[in-house]
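To start, the structure under review is shown below, and the notes come after it.
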Amino acid sequence: MTEKLYLQNSYIKETRSKLVSSTGNYLEFDKTIFYPTGGGQPCDTGIIRANGGTFKVVEVTKQGDSVLHKIEGELTRSATDIIQEIDWNRRYSHMRYHTAIHIIDAVVHHSSGKYGMITGSQIYQDRARVDFDFPDFSKELAERIIGESNRIIAEKHPIQIKELTSEEALSIPDLARTEPGRELIKKLGVVRVIEIKGVDAQADGGTHVNNTAEVRNIQLSSIESKGRRNKRMNIVLAEQ
Ligand SMILES: [Zn+2]
């Protein structure tokens with residue numbers, strides 16, 4: 001099992017770790033700051049330093065409770081002490097987009113009745129898409145949702161990561177928004193919850209910024225219709 005430092009603190013850019021196993025160019029460490037692909041968030045990339053050399057980390061995946069790091073080249077000699085360093089620009093962008101999606105989700109969810117629900121999302125380094133089940137969707141509605149999200153961003157809400165028991169988690173209204181989500185929480189011993197203070201709380205395994213202000217500004221690029229009820233919103237974040 002790999003200790004997942006990215007779940008405890010999304011802002012760690014560098015850490016020292018020990019090599020646990022290596023198969024070809026796939027490495028496993030005792031702990032990692034590299035986020036593995038999952039939950040609509042792409043993996044981190046970066047480098048590791050070992051044996052006086054530098055190796056590119058090109059892909060990170062989860063395998064059971066372990067995190068596997070695919071490197072370019074091979075570690076020829078046994079290395080124990082390894083420095084990990086993530087590509088911070090890429091990660092920070094993923095953090096901002098991930099938090100932006102939670103804010104949009106909160107706006108949509110807390111206006112239920114008027115709107116529909118989010119069914120999926122995908123983050124890229126320079127954009128994201130959010131899929132909805134919306135019986136009645138329009139550019140105007142999408143713009144209203146983005147406008148409300150930007151109002152929340154400007155209010156500078158702090159964001160906290162909490163670890164709760166499944167009973168505590170299930171007692172929070174709306175924490176799990178689907179029946180499969182509730183079932184999953186029941187099975188977990190510890191539930192990681194992302195709380196945007198005064199706005200939203202969700203069980204989540206992604207990396208997030210510490211304050212909504214860091215998202216800066218969401219811009220709607222386009223909307224797409226993927227079916228009668230399935231609609232998509234493409235967004236970008238303002239860089240400054
Ligand atoms: Zn999330």
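Residue names in the structure tokens use chain letters A, B, ... in the order shown, residue numbers from 1 in each chain, and ligand numbers from 1 in the order shown.
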
Show me a table, sorted first by chain and then by increasing residue number, of the residues of chain A having an atom at most 8 Å from ligand 1, each with its shortest atom pair and the distance in Å to one decimal, counting only C-alpha atoms and all ligand atoms and written as a tab-separated table.
residue	atom	partner	partner_atom_place_in_ligand_line	distance
A:Gly39	CA	ligand 1	1 (Zn)	6.9
A:Gly40	CA	ligand 1	1 (Zn)	7.9
A:His98	CA	ligand 1	1 (Zn)	6.0
A:Thr99	CA	ligand 1	1 (Zn)	7.2
A:Ile101	CA	ligand 1	1 (Zn)	7.2
A:His102	CA	ligand 1	1 (Zn)	6.1
A:Gln202	CA	ligand 1	1 (Zn)	7.4
A:Ala203	CA	ligand 1	1 (Zn)	7.7
A:Asp204	CA	ligand 1	1 (Zn)	5.0
A:Gly205	CA	ligand 1	1 (Zn)	6.6
A:Gly206	CA	ligand 1	1 (Zn)	5.5
A:Thr207	CA	ligand 1	1 (Zn)	8.0

Might you pull out every residue within 6 Å of stretch 64-79 of chain A, with only C-alpha atoms counted and same-chain residues fewer than 2 positions away left off, and present them as number ranges by chain?
-> A: 1-2, 25-28, 56-62

For the atom pair atom CA of A:Asp126 and atom CA of A:Ala176, what is the interatomic distance in Å to one decimal place?
-> 28.2 Å

Enumerate, as a VMD selection string, the complete set of residues in stretch 2-237 of chain A that a backbone-based DSSP assignment places in strand (DSSP E).
-> chain A and resid 3 to 4 14 to 23 26 to 29 31 to 32 46 to 50 53 to 63 66 to 71 81 to 86 117 to 123 128 to 133 159 to 165 190 to 196 200 to 203 218 to 225 230 to 237

Where in stretch 41-215 of chain A does DSSP assign helix (DSSP H, G or I), given as a PyMOL selection string?
-> chain A and resi 88-110+139-154+166-171+179-187+212-215

Okay, now the selection with C-alpha atoms, as a PDB file, in the first residue's frame?
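Saved to again_1.pdb:
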ATOM      1  CA  TRP A  88       3.435  21.946 -10.318  1.00  0.00           C
ATOM      2  CA  ASN A  89       1.909  24.056 -13.122  1.00  0.00           C
ATOM      3  CA  ARG A  90       0.058  21.014 -14.432  1.00  0.00           C
ATOM      4  CA  ARG A  91      -1.106  19.914 -10.966  1.00  0.00           C
ATOM      5  CA  TYR A  92      -2.162  23.391  -9.842  1.00  0.00           C
ATOM      6  CA  SER A  93      -4.237  23.749 -12.991  1.00  0.00           C
ATOM      7  CA  HIS A  94      -5.955  20.408 -12.240  1.00  0.00           C
ATOM      8  CA  MET A  95      -6.632  21.590  -8.667  1.00  0.00           C
ATOM      9  CA  ARG A  96      -8.248  24.828  -9.872  1.00  0.00           C
ATOM     10  CA  TYR A  97     -10.384  23.006 -12.445  1.00  0.00           C
ATOM     11  CA  HIS A  98     -11.426  20.334  -9.955  1.00  0.00           C
ATOM     12  CA  THR A  99     -12.586  22.923  -7.430  1.00  0.00           C
ATOM     13  CA  ALA A 100     -14.354  24.872 -10.216  1.00  0.00           C
ATOM     14  CA  ILE A 101     -16.365  21.746 -11.088  1.00  0.00           C
ATOM     15  CA  HIS A 102     -17.386  21.284  -7.443  1.00  0.00           C
ATOM     16  CA  ILE A 103     -18.602  24.886  -7.331  1.00  0.00           C
ATOM     17  CA  ILE A 104     -20.621  24.398 -10.543  1.00  0.00           C
ATOM     18  CA  ASP A 105     -21.988  21.145  -9.115  1.00  0.00           C
ATOM     19  CA  ALA A 106     -23.033  22.957  -5.925  1.00  0.00           C
ATOM     20  CA  VAL A 107     -24.789  25.703  -7.895  1.00  0.00           C
ATOM     21  CA  VAL A 108     -26.651  23.147 -10.005  1.00  0.00           C
ATOM     22  CA  HIS A 109     -27.480  20.910  -7.061  1.00  0.00           C
ATOM     23  CA  HIS A 110     -28.693  23.610  -4.693  1.00  0.00           C
ATOM     24  CA  LYS A 139     -26.921  28.997 -23.362  1.00  0.00           C
ATOM     25  CA  GLU A 140     -28.726  31.416 -21.022  1.00  0.00           C
ATOM     26  CA  LEU A 141     -29.071  28.781 -18.313  1.00  0.00           C
ATOM     27  CA  ALA A 142     -25.405  27.778 -18.709  1.00  0.00           C
ATOM     28  CA  GLU A 143     -24.391  31.417 -18.370  1.00  0.00           C
ATOM     29  CA  ARG A 144     -26.530  31.844 -15.266  1.00  0.00           C
ATOM     30  CA  ILE A 145     -24.851  28.805 -13.676  1.00  0.00           C
ATOM     31  CA  ILE A 146     -21.375  30.148 -14.515  1.00  0.00           C
ATOM     32  CA  GLY A 147     -22.332  33.619 -13.266  1.00  0.00           C
ATOM     33  CA  GLU A 148     -23.492  32.219  -9.937  1.00  0.00           C
ATOM     34  CA  SER A 149     -20.323  30.080  -9.699  1.00  0.00           C
ATOM     35  CA  ASN A 150     -18.134  33.151 -10.262  1.00  0.00           C
ATOM     36  CA  ARG A 151     -20.040  35.020  -7.554  1.00  0.00           C
ATOM     37  CA  ILE A 152     -19.158  32.191  -5.112  1.00  0.00           C
ATOM     38  CA  ILE A 153     -15.515  32.220  -6.269  1.00  0.00           C
ATOM     39  CA  ALA A 154     -15.288  35.968  -5.583  1.00  0.00           C
ATOM     40  CA  SER A 166     -19.104   6.629   7.107  1.00  0.00           C
ATOM     41  CA  GLU A 167     -21.789   7.364   9.761  1.00  0.00           C
ATOM     42  CA  GLU A 168     -20.612  10.970  10.094  1.00  0.00           C
ATOM     43  CA  ALA A 169     -20.444  11.327   6.316  1.00  0.00           C
ATOM     44  CA  LEU A 170     -23.940   9.955   5.745  1.00  0.00           C
ATOM     45  CA  SER A 171     -25.360  12.348   8.356  1.00  0.00           C
ATOM     46  CA  GLU A 179     -27.722   5.937  -4.494  1.00  0.00           C
ATOM     47  CA  PRO A 180     -24.492   4.175  -5.672  1.00  0.00           C
ATOM     48  CA  GLY A 181     -22.587   6.989  -3.938  1.00  0.00           C
ATOM     49  CA  ARG A 182     -24.377   6.306  -0.631  1.00  0.00           C
ATOM     50  CA  GLU A 183     -23.703   2.579  -0.941  1.00  0.00           C
ATOM     51  CA  LEU A 184     -20.001   3.253  -1.558  1.00  0.00           C
ATOM     52  CA  ILE A 185     -19.744   5.511   1.518  1.00  0.00           C
ATOM     53  CA  LYS A 186     -21.360   2.807   3.692  1.00  0.00           C
ATOM     54  CA  LYS A 187     -18.568   0.414   2.697  1.00  0.00           C
ATOM     55  CA  THR A 212     -12.281  29.500  -4.027  1.00  0.00           C
ATOM     56  CA  ALA A 213     -10.415  32.732  -4.891  1.00  0.00           C
ATOM     57  CA  GLU A 214      -7.632  30.607  -6.420  1.00  0.00           C
ATOM     58  CA  VAL A 215     -10.032  29.418  -9.138  1.00  0.00           C
TER      59      VAL A 215
END

Show which residues sit within 7 Å of stretch 49-53 of chain A, as an NGL selection string. Count only C-alpha atoms, and ignore same-chain residues fewer than 2 positions away.
-> :A and (47 or 55 or 79 or 81-84)

Selected residues written out with C-alpha atoms, as an mmCIF file, in the first residue's frame:
data_model
loop_
_atom_site.group_PDB
_atom_site.id
_atom_site.type_symbol
_atom_site.label_atom_id
_atom_site.label_comp_id
_atom_site.auth_asym_id
_atom_site.auth_seq_id
_atom_site.Cartn_x
_atom_site.Cartn_y
_atom_site.Cartn_z
ATOM 1 C CA ILE A 47 10.500 13.753 -12.200
ATOM 2 C CA PHE A 55 14.018 10.283 -14.523
ATOM 3 C CA ALA A 79 17.964 2.935 -5.307
ATOM 4 C CA ASP A 81 16.385 7.234 -1.386
ATOM 5 C CA ILE A 82 14.272 8.885 -4.045
ATOM 6 C CA ILE A 83 13.249 12.508 -4.449
ATOM 7 C CA GLN A 84 9.857 13.052 -6.066
#

Find the residues near A:Asn9: any atom within 10 Å, counting only C-alpha atoms, skip ones fewer than 2 places away on the same chain, and give them as an MDAnalysis selection string.
-> chainID A and resid 4:7 11:13 33 161 207:210

Pull N, CA and C atoms from the residues just selected and write them as an mmCIF file, in the first residue's frame.
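The new file part-v5.cif reads:
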data_model
loop_
_atom_site.group_PDB
_atom_site.id
_atom_site.type_symbol
_atom_site.label_atom_id
_atom_site.label_comp_id
_atom_site.auth_asym_id
_atom_site.auth_seq_id
_atom_site.Cartn_x
_atom_site.Cartn_y
_atom_site.Cartn_z
ATOM 1 N N LYS A 4 -0.672 8.012 0.505
ATOM 2 C CA LYS A 4 -1.024 8.992 -0.534
ATOM 3 C C LYS A 4 -0.992 10.410 0.023
ATOM 4 N N LEU A 5 0.165 11.041 -0.093
ATOM 5 C CA LEU A 5 0.345 12.381 0.475
ATOM 6 C C LEU A 5 -0.530 13.413 -0.224
ATOM 7 N N TYR A 6 -0.841 13.185 -1.515
ATOM 8 C CA TYR A 6 -1.673 14.144 -2.261
ATOM 9 C C TYR A 6 -3.080 14.242 -1.683
ATOM 10 N N LEU A 7 -3.511 13.205 -0.939
ATOM 11 C CA LEU A 7 -4.842 13.249 -0.324
ATOM 12 C C LEU A 7 -4.831 14.110 0.937
ATOM 13 N N TYR A 11 -0.708 20.636 -1.793
ATOM 14 C CA TYR A 11 0.314 21.642 -2.133
ATOM 15 C C TYR A 11 1.755 21.142 -1.985
ATOM 16 N N ILE A 12 1.952 19.858 -1.700
ATOM 17 C CA ILE A 12 3.324 19.346 -1.585
ATOM 18 C C ILE A 12 3.884 19.149 -2.997
ATOM 19 N N LYS A 13 4.974 19.822 -3.294
ATOM 20 C CA LYS A 13 5.542 19.783 -4.648
ATOM 21 C C LYS A 13 6.712 18.820 -4.737
ATOM 22 N N ILE A 33 3.540 11.787 -3.830
ATOM 23 C CA ILE A 33 2.793 13.042 -4.023
ATOM 24 C C ILE A 33 2.180 13.061 -5.425
ATOM 25 N N ILE A 161 -10.154 19.819 3.760
ATOM 26 C CA ILE A 161 -10.241 18.369 3.574
ATOM 27 C C ILE A 161 -10.471 17.761 4.947
ATOM 28 N N THR A 207 -7.636 16.440 -5.967
ATOM 29 C CA THR A 207 -6.835 17.494 -5.334
ATOM 30 C C THR A 207 -7.521 18.843 -5.578
ATOM 31 N N HIS A 208 -7.476 19.699 -4.550
ATOM 32 C CA HIS A 208 -8.223 20.961 -4.595
ATOM 33 C C HIS A 208 -7.389 22.124 -4.084
ATOM 34 N N VAL A 209 -7.792 23.340 -4.483
ATOM 35 C CA VAL A 209 -7.141 24.541 -3.950
ATOM 36 C C VAL A 209 -7.673 24.826 -2.546
ATOM 37 N N ASN A 210 -7.000 25.729 -1.816
ATOM 38 C CA ASN A 210 -7.355 26.032 -0.422
ATOM 39 C C ASN A 210 -8.454 27.078 -0.275
#

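When only C-alpha atoms are used to compute distances to A:Val236, the closest of the residues A:Asp174, A:Gly189, A:Gly198, A:Val130 turns out to be A:Val130.
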
Counting only C-alpha atoms, what is within 12 Å of A:Gly227, bar same-chain residues fewer than 2 positions away, as a ChimeraX atom specification?
-> /A:131-137,224-225,229-232

Requested write-out: N, CA and C atoms of the selected residues, as a PDB file, in the first residue's frame:
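Writing the result to again-v4.pdb gives the following:
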ATOM      1  N   ASP A 131     -20.710  17.279 -17.796  1.00  0.00           N
ATOM      2  CA  ASP A 131     -21.892  16.697 -18.427  1.00  0.00           C
ATOM      3  C   ASP A 131     -23.072  16.736 -17.468  1.00  0.00           C
ATOM      4  N   PHE A 132     -24.237  17.062 -18.014  1.00  0.00           N
ATOM      5  CA  PHE A 132     -25.441  17.186 -17.202  1.00  0.00           C
ATOM      6  C   PHE A 132     -26.563  16.347 -17.776  1.00  0.00           C
ATOM      7  N   ASP A 133     -27.472  16.010 -16.881  1.00  0.00           N
ATOM      8  CA  ASP A 133     -28.760  15.490 -17.297  1.00  0.00           C
ATOM      9  C   ASP A 133     -29.727  16.659 -17.088  1.00  0.00           C
ATOM     10  N   PHE A 134     -30.004  17.362 -18.152  1.00  0.00           N
ATOM     11  CA  PHE A 134     -30.833  18.566 -18.078  1.00  0.00           C
ATOM     12  C   PHE A 134     -31.998  18.430 -19.030  1.00  0.00           C
ATOM     13  N   PRO A 135     -33.205  18.382 -18.525  1.00  0.00           N
ATOM     14  CA  PRO A 135     -34.329  18.278 -19.451  1.00  0.00           C
ATOM     15  C   PRO A 135     -34.451  19.536 -20.309  1.00  0.00           C
ATOM     16  N   ASP A 136     -34.043  20.657 -19.723  1.00  0.00           N
ATOM     17  CA  ASP A 136     -34.256  21.925 -20.425  1.00  0.00           C
ATOM     18  C   ASP A 136     -32.986  22.746 -20.278  1.00  0.00           C
ATOM     19  N   PHE A 137     -32.167  22.789 -21.314  1.00  0.00           N
ATOM     20  CA  PHE A 137     -30.866  23.436 -21.207  1.00  0.00           C
ATOM     21  C   PHE A 137     -30.729  24.497 -22.289  1.00  0.00           C
ATOM     22  N   GLU A 224     -22.898  21.899 -25.580  1.00  0.00           N
ATOM     23  CA  GLU A 224     -23.167  20.909 -26.624  1.00  0.00           C
ATOM     24  C   GLU A 224     -24.362  20.084 -26.194  1.00  0.00           C
ATOM     25  N   SER A 225     -25.106  19.607 -27.170  1.00  0.00           N
ATOM     26  CA  SER A 225     -26.198  18.703 -26.873  1.00  0.00           C
ATOM     27  C   SER A 225     -25.769  17.305 -27.285  1.00  0.00           C
ATOM     28  N   ARG A 229     -31.597  14.729 -23.198  1.00  0.00           N
ATOM     29  CA  ARG A 229     -31.354  15.261 -21.849  1.00  0.00           C
ATOM     30  C   ARG A 229     -29.883  15.448 -21.540  1.00  0.00           C
ATOM     31  N   ASN A 230     -29.015  14.797 -22.315  1.00  0.00           N
ATOM     32  CA  ASN A 230     -27.576  14.861 -22.011  1.00  0.00           C
ATOM     33  C   ASN A 230     -26.936  16.082 -22.649  1.00  0.00           C
ATOM     34  N   LYS A 231     -26.493  16.992 -21.784  1.00  0.00           N
ATOM     35  CA  LYS A 231     -25.913  18.243 -22.266  1.00  0.00           C
ATOM     36  C   LYS A 231     -24.507  18.396 -21.705  1.00  0.00           C
ATOM     37  N   ARG A 232     -23.692  19.147 -22.436  1.00  0.00           N
ATOM     38  CA  ARG A 232     -22.303  19.317 -22.014  1.00  0.00           C
ATOM     39  C   ARG A 232     -21.937  20.804 -21.991  1.00  0.00           C
TER      40      ARG A 232
END
